[in-house]
file data_2.txt (compact mmCIF, C-alpha atoms)
# COMPACT_ATOMS: atom_id res chain seq x y z
CA MET A 1 -6.92 -113.10 31.53
CA ASP A 2 -5.48 -111.75 28.29
CA LYS A 3 -5.32 -108.05 29.29
CA PRO A 4 -3.96 -106.45 32.46
CA TRP A 5 -6.68 -105.54 34.97
CA TYR A 6 -5.94 -101.80 34.69
CA ARG A 7 -6.86 -101.71 31.00
CA ALA A 8 -10.51 -102.29 31.88
CA PHE A 9 -10.31 -99.60 34.57
CA PHE A 10 -9.01 -96.94 32.18
CA ALA A 11 -10.96 -97.96 29.07
CA ARG A 12 -13.54 -95.24 28.61
CA THR A 13 -14.26 -95.81 24.96
CA PRO A 14 -16.08 -98.73 23.37
CA HIS A 15 -14.18 -101.64 21.83
CA GLY A 16 -14.30 -103.12 18.34
CA SER A 17 -16.64 -101.66 15.75
CA ASP A 18 -17.58 -98.80 18.07
CA LEU A 19 -14.11 -97.36 17.52
CA LYS A 20 -15.45 -95.62 14.41
CA GLU A 21 -18.28 -94.07 16.41
CA THR A 22 -15.82 -92.90 19.06
CA ARG A 23 -13.65 -91.39 16.33
CA VAL A 24 -16.66 -89.50 14.94
CA LYS A 25 -17.45 -88.14 18.41
CA ALA A 26 -13.81 -87.19 18.92
CA ASP A 27 -13.67 -85.43 15.54
CA ARG A 28 -16.77 -83.46 16.59
CA GLY A 29 -14.98 -82.23 19.72
CA ASP A 30 -16.17 -84.65 22.41
CA THR A 31 -13.40 -84.40 25.02
CA GLU A 32 -14.12 -87.78 26.62
CA ALA A 33 -13.95 -89.47 23.21
CA GLN A 34 -10.69 -87.61 22.45
CA PHE A 35 -9.24 -88.64 25.79
CA GLY A 36 -10.43 -92.21 25.25
CA LEU A 37 -8.72 -92.37 21.87
CA GLY A 38 -5.55 -91.03 23.47
CA LEU A 39 -5.72 -93.88 25.98
CA LYS A 40 -6.42 -96.46 23.30
CA TYR A 41 -3.47 -95.38 21.15
CA GLY A 42 -1.21 -94.93 24.17
CA CYS A 43 -1.96 -98.41 25.52
CA GLY A 44 -2.52 -100.21 22.23
CA ASP A 45 -6.03 -101.16 23.40
CA GLY A 46 -7.89 -102.41 20.32
CA VAL A 47 -5.55 -100.46 18.03
CA VAL A 48 -1.88 -100.57 17.19
CA GLN A 49 0.02 -98.65 19.88
CA ASP A 50 0.92 -95.26 18.42
CA PHE A 51 2.29 -92.62 20.79
CA SER A 52 2.06 -89.92 18.13
CA GLN A 53 -1.68 -90.56 17.72
CA ALA A 54 -2.08 -90.72 21.50
CA ALA A 55 -0.40 -87.33 21.87
CA THR A 56 -2.58 -85.85 19.12
CA TRP A 57 -5.80 -86.97 20.81
CA TYR A 58 -4.61 -86.00 24.29
CA ARG A 59 -3.69 -82.57 22.92
CA ARG A 60 -7.15 -82.07 21.46
CA ALA A 61 -8.79 -82.94 24.79
CA ALA A 62 -6.16 -81.00 26.77
CA ASP A 63 -6.86 -77.87 24.74
CA GLN A 64 -10.44 -78.17 26.02
CA ASP A 65 -9.30 -78.32 29.66
CA HIS A 66 -9.51 -82.08 30.20
CA PRO A 67 -7.18 -82.46 33.23
CA LEU A 68 -6.28 -86.13 32.73
CA ALA A 69 -5.48 -85.47 29.07
CA GLN A 70 -3.29 -82.56 30.19
CA PHE A 71 -1.53 -84.80 32.72
CA ASN A 72 -0.95 -87.57 30.17
CA LEU A 73 0.26 -85.09 27.55
CA ALA A 74 2.67 -83.63 30.13
CA MET A 75 4.04 -87.09 30.82
CA MET A 76 4.48 -87.71 27.09
CA TYR A 77 6.46 -84.47 26.74
CA ALA A 78 8.53 -85.40 29.79
CA GLU A 79 9.38 -88.81 28.31
CA GLY A 80 9.46 -87.83 24.63
CA GLN A 81 6.74 -90.32 23.73
CA GLY A 82 5.04 -89.38 20.46
CA VAL A 83 6.33 -85.83 20.79
CA PRO A 84 9.82 -84.37 21.12
CA GLN A 85 11.04 -84.48 24.72
CA ASP A 86 10.42 -80.98 26.11
CA ASP A 87 10.60 -80.20 29.84
CA VAL A 88 9.10 -76.73 29.35
CA GLU A 89 6.00 -78.15 27.61
CA ALA A 90 5.79 -80.94 30.18
CA ALA A 91 5.79 -78.40 33.01
CA ARG A 92 3.25 -76.18 31.24
CA TRP A 93 0.75 -79.01 30.76
CA MET A 94 1.40 -80.38 34.25
CA ARG A 95 0.64 -76.96 35.75
CA LYS A 96 -2.59 -76.69 33.74
CA ALA A 97 -3.77 -80.09 35.00
CA ALA A 98 -2.75 -79.23 38.58
CA GLU A 99 -4.63 -75.94 38.43
CA LEU A 100 -7.75 -77.84 37.33
CA GLY A 101 -7.44 -79.97 40.47
CA ASP A 102 -5.80 -83.16 39.18
CA ALA A 103 -4.11 -84.73 42.23
CA GLY A 104 -1.50 -86.62 40.20
CA ALA A 105 -0.49 -83.43 38.43
CA GLN A 106 -0.37 -81.56 41.74
CA PHE A 107 1.94 -84.19 43.20
CA ASN A 108 4.15 -84.23 40.11
CA LEU A 109 4.34 -80.43 40.09
CA ALA A 110 5.24 -80.45 43.78
CA VAL A 111 8.08 -82.88 43.12
CA ARG A 112 9.35 -80.62 40.31
CA CYS A 113 9.21 -77.57 42.61
CA GLN A 114 10.93 -79.44 45.43
CA ARG A 115 13.77 -80.48 43.11
CA ALA A 116 14.09 -76.90 41.88
CA SER A 117 14.38 -75.70 45.49
CA LEU A 118 17.50 -77.83 45.87
CA THR A 119 19.33 -76.25 42.95
CA ARG A 120 18.34 -72.59 43.24
CA GLU A 121 19.78 -69.74 45.24
CA GLU A 122 17.69 -67.74 47.69
CA PRO A 123 15.05 -66.30 47.34
CA ALA A 124 14.12 -68.56 44.40
CA ALA A 125 14.80 -71.67 46.52
CA SER A 126 12.37 -70.46 49.19
CA GLU A 127 9.70 -69.70 46.56
CA ALA A 128 10.09 -73.19 45.07
CA LYS A 129 9.73 -74.81 48.53
CA ILE A 130 6.56 -72.82 49.23
CA GLU A 131 5.07 -73.88 45.88
CA ALA A 132 6.07 -77.51 46.45
CA TYR A 133 4.47 -77.44 49.89
CA LYS A 134 1.27 -75.97 48.46
CA TRP A 135 0.97 -78.61 45.72
CA PHE A 136 1.85 -81.50 48.06
CA GLN A 137 -0.78 -80.26 50.50
CA LEU A 138 -3.44 -80.02 47.79
CA ALA A 139 -2.66 -83.52 46.49
CA ALA A 140 -2.68 -84.87 50.05
CA THR A 141 -6.14 -83.39 50.60
CA GLN A 142 -7.31 -85.69 47.81
CA GLY A 143 -5.48 -88.65 49.34
CA TYR A 144 -2.95 -88.94 46.54
CA GLY A 145 -0.09 -91.39 47.09
CA ASN A 146 2.73 -90.17 49.31
CA SER A 147 1.67 -86.53 49.20
CA ALA A 148 1.08 -86.19 52.93
CA GLN A 149 4.44 -87.77 53.78
CA SER A 150 6.21 -85.65 51.17
CA CYS A 151 4.59 -82.53 52.59
CA GLU A 152 5.69 -83.44 56.11
CA SER A 153 9.23 -84.18 54.95
CA LEU A 154 9.46 -80.88 53.09
CA ASN A 155 8.05 -79.07 56.12
CA LEU A 156 11.17 -80.08 58.08
CA ARG A 157 13.33 -78.04 55.66
CA MET A 158 11.12 -74.95 55.72
CA THR A 159 10.97 -71.91 57.95
CA PHE A 160 7.83 -71.10 59.90
CA ASP A 161 7.08 -68.21 57.53
CA GLU A 162 7.46 -70.46 54.47
CA VAL A 163 5.00 -72.98 55.93
CA VAL A 164 2.50 -70.22 56.73
CA GLN A 165 2.81 -68.90 53.18
CA GLY A 166 2.36 -72.41 51.75
CA ASP A 167 -0.75 -72.93 53.89
CA ARG A 168 -2.17 -69.60 52.70
CA ARG A 169 -1.54 -70.45 49.05
CA ALA A 170 -3.15 -73.87 49.38
CA ALA A 171 -6.20 -72.36 51.09
CA ALA A 172 -6.49 -69.61 48.47
CA PHE A 173 -6.25 -72.18 45.68
CA ALA A 174 -8.95 -74.36 47.28
CA ASP A 175 -11.20 -71.31 47.82
CA ALA A 176 -10.76 -70.22 44.21
CA LEU A 177 -11.52 -73.74 42.96
CA LEU A 178 -14.76 -74.06 44.95
CA PRO A 179 -16.88 -71.75 42.77
CA ARG A 180 -15.84 -73.81 39.70
CA ALA A 181 -16.32 -77.08 41.51
CA SER A 182 -19.99 -77.86 41.03
CA ALA A 183 -18.64 -81.33 40.23
CA PRO A 184 -16.13 -83.18 42.41
CA LEU A 185 -12.43 -82.97 41.71
CA PRO A 186 -11.08 -85.48 39.20
CA PRO A 187 -10.14 -88.84 40.73
CA ALA A 188 -6.57 -89.42 41.76
CA HIS A 189 -4.75 -91.69 39.35
call {"tool": "encode", "arguments": {"input": "data_2.txt", "output": "structure tokens"}}
result
Amino acid sequence: MDKPWYRAFFARTPHGSDLKETRVKADRGDTEAQFGLGLKYGCGDGVVQDFSQAATWYRRAADQDHPLAQFNLAMMYAEGQGVPQDDVEAARWMRKAAELGDAGAQFNLAVRCQRASLTREEPAASEAKIEAYKWFQLAATQGYGNSAQSCESLNLRMTFDEVVQGDRRAAAFADALLPRASAPLPPAH
């Protein structure tokens, strides 16, 4: 086994000579091809690993509302991989992916909100807890990682009114997403 098992799972673009064809599709605006090239350059799968190229291709797909590209671009901004490290840009792209229903982005955004709740004064701390609760709940609905446990843990630090508000926001988000959701939500990663 010369490649880790997860490479095959995430490889969405053809290998070898088909790279040129994928590049043509990506240049024409195909979001899956753009995302696939981002993965290839980010992982060094069939190409030399190049975080700058990965960020470029993720950005092109992210600008067309590809939630996994938005999530990956957010992580690149958070880590400064291929782009300057920028927490504001990371949060912006993470929110976009979360709002499109990406469970990983929802969980990550919840963690960011929860951390913010610990450093802010009231009422901003309460608002951050409510948002964290909402995003944890939405990620948990998709079965993402430790979302359910994180939501329960956060619940212990919230007032009854904050929990009610978080439940309302999560329900409103899910209701608003349903008309757009002729296809299922993106898979948790």
call {"tool": "atom_distance", "arguments": {"input": "data_2.txt", "atom1": "CA of Gln85 (chain A)", "atom2": "CA of Gly42 (chain A)"}}
result
16.1 Å
call {"tool": "residues_around", "arguments": {"input": "data_2.txt", "residues": "region 57-73 of chain A", "least_positions_apart": "3", "cutoff": "7 Å", "atoms": "all atoms listed in the file", "output": "list in words"}}
result
Thr31, Gln34, Phe35, Leu37, Gly38, Gln53, Ala54, Met76, Tyr77, Trp93, Met94, Lys96, Ala97, Leu100, Asp102 and Ala105 of chain A
call {"tool": "atom_distance", "arguments": {"input": "data_2.txt", "atom1": "CA of Val164 (chain A)", "atom2": "CA of Trp135 (chain A)"}}
result
13.9 Å
call {"tool": "atom_distance", "arguments": {"input": "data_2.txt", "atom1": "CA of Glu32 (chain A)", "atom2": "CA of Arg95 (chain A)"}}
result
20.5 Å
call {"tool": "residues_around", "arguments": {"input": "data_2.txt", "residues": "Ile130 (chain A)", "least_positions_apart": "5", "cutoff": "9 Å", "atoms": "only C-alpha atoms", "output": "list in words"}}
result
Cys113, Gln114, Ala125, Trp135, Met158, Glu162, Val163, Val164, Gln165, Gly166, Asp167 and Arg169 of chain A
call {"tool": "residues_around", "arguments": {"input": "data_2.txt", "residues": "Gln137 (chain A)", "least_positions_apart": "2", "cutoff": "7 Å", "atoms": "only C-alpha atoms", "output": "ChimeraX atom specification"}}
result
/A:133-135,139-141,147-148,151,170
call {"tool": "residues_around", "arguments": {"input": "data_2.txt", "residues": "Gly104 (chain A)", "least_positions_apart": "2", "cutoff": "8 Å", "atoms": "all atoms listed in the file", "output": "list in words"}}
result
Phe71, Ala98, Asp102, Gln106, Phe107, Asn108, Ala139, Tyr144, Ala188 and His189 of chain A
call {"tool": "closest_residue", "arguments": {"input": "data_2.txt", "among": "A:Leu138, A:Cys43, A:Met75, A:Ala110", "to": "Leu154 (chain A)", "atoms": "only C-alpha atoms"}}
result
A:Ala110
call {"tool": "closest_residue", "arguments": {"input": "data_2.txt", "among": "A:Leu156, A:Ala103, A:Val47, A:Ala171", "to": "Lys129 (chain A)", "atoms": "all atoms listed in the file"}}
result
A:Leu156
call {"tool": "closest_residue", "arguments": {"input": "data_2.txt", "among": "A:Ala174, A:Gly101, A:Ala55, A:Phe136", "to": "Glu79 (chain A)", "atoms": "all atoms listed in the file"}}
result
A:Ala55
call {"tool": "residues_around", "arguments": {"input": "data_2.txt", "residues": "Ala33 (chain A)", "least_positions_apart": "4", "cutoff": "10 Å", "atoms": "all atoms listed in the file", "output": "list in words"}}
result
Arg12, Thr13, Pro14, Leu19, Glu21, Thr22, Arg23, Val24, Lys25, Ala26, Asp27, Arg28, Gly29, Leu37, Gly38, Leu39, Trp57 and Ala61 of chain A
call {"tool": "build_atoms", "arguments": {"input": "data_2.txt", "residues": "region 44-58 of chain A", "atoms": "N, CA and C atoms", "output": "compact mmCIF listing (two decimals), keeping the file's coordinate frame"}}
result
# COMPACT_ATOMS: atom_id res chain seq x y z
N GLY A 44 -2.37 -99.17 23.25
CA GLY A 44 -2.52 -100.21 22.23
C GLY A 44 -3.75 -101.06 22.51
N ASP A 45 -4.81 -100.45 23.02
CA ASP A 45 -6.03 -101.16 23.40
C ASP A 45 -7.00 -101.18 22.22
N GLY A 46 -7.00 -102.27 21.47
CA GLY A 46 -7.89 -102.41 20.32
C GLY A 46 -7.37 -101.75 19.06
N VAL A 47 -6.22 -101.11 19.16
CA VAL A 47 -5.55 -100.46 18.03
C VAL A 47 -4.06 -100.72 18.17
N VAL A 48 -3.34 -100.47 17.11
CA VAL A 48 -1.88 -100.57 17.19
C VAL A 48 -1.38 -99.41 18.06
N GLN A 49 -0.52 -99.70 19.03
CA GLN A 49 0.02 -98.65 19.88
C GLN A 49 0.74 -97.62 19.02
N ASP A 50 0.36 -96.35 19.22
CA ASP A 50 0.92 -95.26 18.42
C ASP A 50 0.97 -94.02 19.31
N PHE A 51 2.15 -93.75 19.87
CA PHE A 51 2.29 -92.62 20.79
C PHE A 51 2.02 -91.27 20.11
N SER A 52 2.33 -91.17 18.85
CA SER A 52 2.06 -89.92 18.13
C SER A 52 0.55 -89.66 18.06
N GLN A 53 -0.22 -90.70 17.74
CA GLN A 53 -1.68 -90.56 17.72
C GLN A 53 -2.21 -90.28 19.12
N ALA A 54 -1.65 -90.95 20.12
CA ALA A 54 -2.08 -90.72 21.50
C ALA A 54 -1.86 -89.26 21.87
N ALA A 55 -0.69 -88.73 21.55
CA ALA A 55 -0.40 -87.33 21.87
C ALA A 55 -1.35 -86.38 21.14
N THR A 56 -1.66 -86.69 19.90
CA THR A 56 -2.58 -85.85 19.12
C THR A 56 -3.95 -85.79 19.79
N TRP A 57 -4.47 -86.94 20.19
CA TRP A 57 -5.80 -86.97 20.81
C TRP A 57 -5.77 -86.37 22.21
N TYR A 58 -4.72 -86.64 22.97
CA TYR A 58 -4.61 -86.00 24.29
C TYR A 58 -4.56 -84.48 24.13
